[in-house]
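A.B. asks: Pasting coords07.cif here (mmCIF, C-alpha atoms):
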```
data_coords
loop_
_atom_site.label_atom_id
_atom_site.label_comp_id
_atom_site.auth_asym_id
_atom_site.auth_seq_id
_atom_site.Cartn_x
_atom_site.Cartn_y
_atom_site.Cartn_z
CA MET A 1 -118.88 -106.64 71.68
CA GLY A 2 -118.18 -103.03 70.78
CA GLY A 3 -117.30 -100.28 73.21
CA VAL A 4 -117.36 -97.17 70.99
CA VAL A 5 -120.25 -95.98 68.79
CA MET A 6 -119.66 -93.44 66.01
CA VAL A 7 -122.34 -91.62 64.00
CA SER A 8 -121.64 -89.56 60.90
CA CYS A 9 -124.09 -87.47 58.93
CA ARG A 10 -123.72 -85.51 55.69
CA GLY A 11 -126.04 -82.74 54.55
CA ILE A 12 -127.78 -82.77 51.18
CA ASP A 13 -126.43 -79.41 49.97
CA LEU A 14 -123.04 -80.06 48.33
CA ASP A 15 -122.38 -76.32 47.85
CA HIS A 16 -122.66 -75.64 51.59
CA PRO A 17 -121.45 -78.82 53.32
CA SER A 18 -122.98 -79.61 56.67
CA GLY A 19 -123.04 -82.59 58.95
CA PHE A 20 -121.06 -84.12 61.77
CA HIS A 21 -118.91 -87.03 62.93
CA ARG A 22 -119.25 -87.85 66.61
CA GLN A 23 -118.44 -90.81 68.77
CA MET A 24 -119.04 -91.88 72.33
CA LYS A 25 -117.62 -94.56 74.56
CA LEU A 26 -120.29 -96.85 75.92
CA PRO A 27 -120.41 -97.47 79.70
CA ASP A 28 -120.01 -101.19 78.97
CA PRO A 29 -119.21 -102.92 75.66
CA THR A 30 -122.28 -104.45 74.03
CA ASN A 31 -123.49 -106.45 71.06
CA ALA A 32 -127.19 -105.88 71.77
CA THR A 33 -128.99 -104.09 68.94
CA LYS A 34 -131.21 -102.11 71.31
CA GLN A 35 -128.30 -100.67 73.28
CA VAL A 36 -126.36 -99.72 70.16
CA TYR A 37 -129.51 -98.17 68.63
CA GLU A 38 -130.19 -96.08 71.74
CA SER A 39 -126.60 -94.78 71.72
CA VAL A 40 -126.79 -93.94 68.02
CA MET A 41 -130.06 -92.07 68.46
CA ALA A 42 -128.67 -90.13 71.43
CA LEU A 43 -125.66 -88.98 69.37
CA PHE A 44 -127.78 -88.21 66.32
CA GLY A 45 -130.37 -86.26 68.33
CA ARG A 46 -127.68 -84.26 70.10
CA HIS A 47 -125.77 -83.19 66.97
CA TRP A 48 -128.20 -83.12 64.02
CA ASP A 49 -128.97 -79.56 62.88
CA HIS A 50 -132.41 -80.55 61.46
CA GLN A 51 -131.31 -79.91 57.90
CA PRO A 52 -131.98 -82.43 55.10
CA ILE A 53 -129.43 -85.25 55.01
CA ARG A 54 -128.10 -87.50 52.24
CA LYS A 55 -125.94 -89.92 54.17
CA VAL A 56 -125.88 -91.43 57.65
CA GLY A 57 -123.15 -93.77 58.85
CA VAL A 58 -122.93 -95.87 62.00
CA THR A 59 -119.76 -97.57 63.19
CA LEU A 60 -119.10 -99.79 66.20
CA THR A 61 -115.47 -100.18 67.30
CA GLY A 62 -113.43 -101.08 70.36
CA PHE A 63 -114.26 -104.76 70.12
CA ILE A 64 -113.78 -107.34 72.83
CA ARG A 65 -114.79 -111.00 73.04
CA ASP A 66 -118.36 -111.56 74.22
CA ASP A 67 -117.27 -114.15 76.78
CA GLU A 68 -114.82 -111.80 78.55
CA TYR A 69 -116.38 -108.74 80.09
CA GLN A 70 -116.76 -107.00 83.42
CA LEU A 71 -119.92 -107.96 85.27
CA THR A 72 -121.96 -105.27 87.00
CA LEU A 73 -124.44 -105.60 89.83
CA PHE A 74 -127.60 -105.08 87.76
CA ASP A 75 -126.27 -106.43 84.45
CA GLU A 76 -129.04 -107.33 81.99
CA ARG A 77 -126.52 -108.15 79.25
CA PRO A 78 -127.04 -111.94 79.41
CA LYS A 79 -130.79 -111.44 78.92
CA TYR A 80 -130.26 -109.20 75.87
CA GLN A 81 -127.64 -111.55 74.43
CA ALA A 82 -129.96 -114.55 74.75
CA LEU A 83 -132.78 -112.62 73.06
CA GLU A 84 -130.51 -111.52 70.21
CA LYS A 85 -129.31 -115.10 69.65
CA VAL A 86 -132.88 -116.42 69.47
CA THR A 87 -133.91 -113.61 67.11
CA ASP A 88 -130.90 -114.29 64.85
CA GLU A 89 -131.69 -118.02 64.77
CA ILE A 90 -135.34 -117.39 63.82
CA LYS A 91 -134.25 -115.06 61.02
CA ARG A 92 -131.67 -117.58 59.82
CA ARG A 93 -134.22 -120.41 59.71
CA PHE A 94 -137.30 -118.56 58.44
CA GLY A 95 -135.94 -115.52 56.59
CA GLU A 96 -135.11 -111.91 57.41
CA THR A 97 -138.78 -110.88 57.59
CA ALA A 98 -139.80 -113.57 60.10
CA ILE A 99 -139.38 -111.02 62.91
CA LEU A 100 -139.74 -107.30 62.23
CA ARG A 101 -140.19 -104.22 64.34
CA ALA A 102 -143.77 -102.96 64.25
CA VAL A 103 -142.70 -99.70 62.61
CA SER A 104 -141.61 -101.74 59.57
CA LEU A 105 -145.24 -102.66 58.94
CA THR A 106 -146.35 -99.05 58.48
CA THR A 107 -146.73 -97.53 55.00
CA ALA A 108 -143.30 -95.88 55.35
CA GLY A 109 -141.62 -99.14 56.46
CA GLN A 110 -139.03 -100.59 54.10
CA ALA A 111 -137.75 -103.71 55.87
CA LYS A 112 -139.92 -106.19 53.96
CA GLN A 113 -139.10 -104.60 50.60
CA ARG A 114 -135.36 -104.37 51.33
CA ALA A 115 -135.26 -108.03 52.43
CA GLU A 116 -136.17 -108.97 48.85
CA MET A 117 -133.25 -106.97 47.43
CA ILE A 118 -129.51 -107.39 47.09
CA GLY A 119 -127.56 -104.13 46.96
CA GLY A 120 -130.75 -102.15 46.31
CA HIS A 121 -131.78 -104.34 43.37
CA TYR A 122 -134.37 -107.09 43.22
CA ARG A 123 -132.91 -110.60 43.08
#
```
If you convert what's in this file into structure tokens, what do you get?

C.D. replies:
Amino acid sequence: MGGVVMVSCRGIDLDHPSGFHRQMKLPDPTNATKQVYESVMALFGRHWDHQPIRKVGVTLTGFIRDDEYQLTLFDERPKYQALEKVTDEIKRRFGETAILRAVSLTTAGQAKQRAEMIGGHYR
């Protein structure tokens, strides 16, 4: 589980570089996609200058074992971990597109198309 989330962003204009690198320590280390996503979006929303971007990077560091962590009174971590494990098993057995977020089914969604590619190229 990771305890520090970092987001980096680079602007599209190479003549006038813009962007940011920011990180934040999570209240509790996590390996749940939803919690990492929410932290990334909070950092991105706080620091993005609303200019066009060409590169976004996300890094998770400060790792600890997932069987050794501090419990809290209202800890929902075991529930999220169990859900992530089931989701990963379904994707492993039936393919990456067996479970998708609903936004991936819109016309702008790319998850199904990218699942058919390796390194941006069709197999």

A.B. asks: List the neighbours of Glu96 (chain A) out to 12 Å using only C-alpha atoms; skip same-chain residues closer than 2 positions along the sequence, and give me the result as a VMD selection string.

C.D. replies: chain A and resid 87 to 94 98 to 101 111 to 117

A.B. asks: In Å, rounded to a single decimal, give me how far CA of Thr33 (chain A) is from CA of Val86 (chain A).

C.D. replies: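 Here the two named atoms are 12.9 Å from each other.
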
A.B. asks: Select, from A:Ile118, A:Met41, A:Val103, A:Cys9, the residue with the minimum atom-to-atom distance to Val56 (chain A), counting all atoms listed in the file.

C.D. replies: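 Smallest separation from Val56 (chain A) among the options: A:Cys9.
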
A.B. asks: Given the file shown, determine the residues that the PyMOL selection byres ((chain A and resi 60) around 8) selects; report them as a PyMOL selection string.

C.D. replies: chain A and resi 2-6+58-59+61-63

A.B. asks: What does the distance from CA of Gly45 (chain A) to CA of Asp75 (chain A) come to in Å, to one decimal?

C.D. replies: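 For CA of Gly45 (chain A) relative to CA of Asp75 (chain A), the distance reads 26.1 Å.
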
A.B. asks: Taking the file as shown, what set of residues would the PyMOL selection byres ((chain A and resi 13-22) around 9) give back, as a ChimeraX atom specification?

C.D. replies: /A:5-12,23-24,43-44,47-49,51-54,57

A.B. asks: Could you check which of A:Pro78, A:Gly109, A:Gly120, A:Pro29 is closest to Ile64 (chain A), using all atoms listed in the file?

C.D. replies: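 With all atoms listed in the file as the atom set, the closest residue is A:Pro29.
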
A.B. asks: Written as a ChimeraX atom specification, what is the full residue list that the PyMOL selection byres ((chain A and resi 31) around 6) yields on the file shown?

C.D. replies: /A:1,30,32

A.B. asks: How many Å lie between CA of Glu84 (chain A) and CA of Lys55 (chain A), rounded to one decimal?

C.D. replies: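 Between CA of Glu84 (chain A) and CA of Lys55 (chain A) the gap is 27.3 Å.
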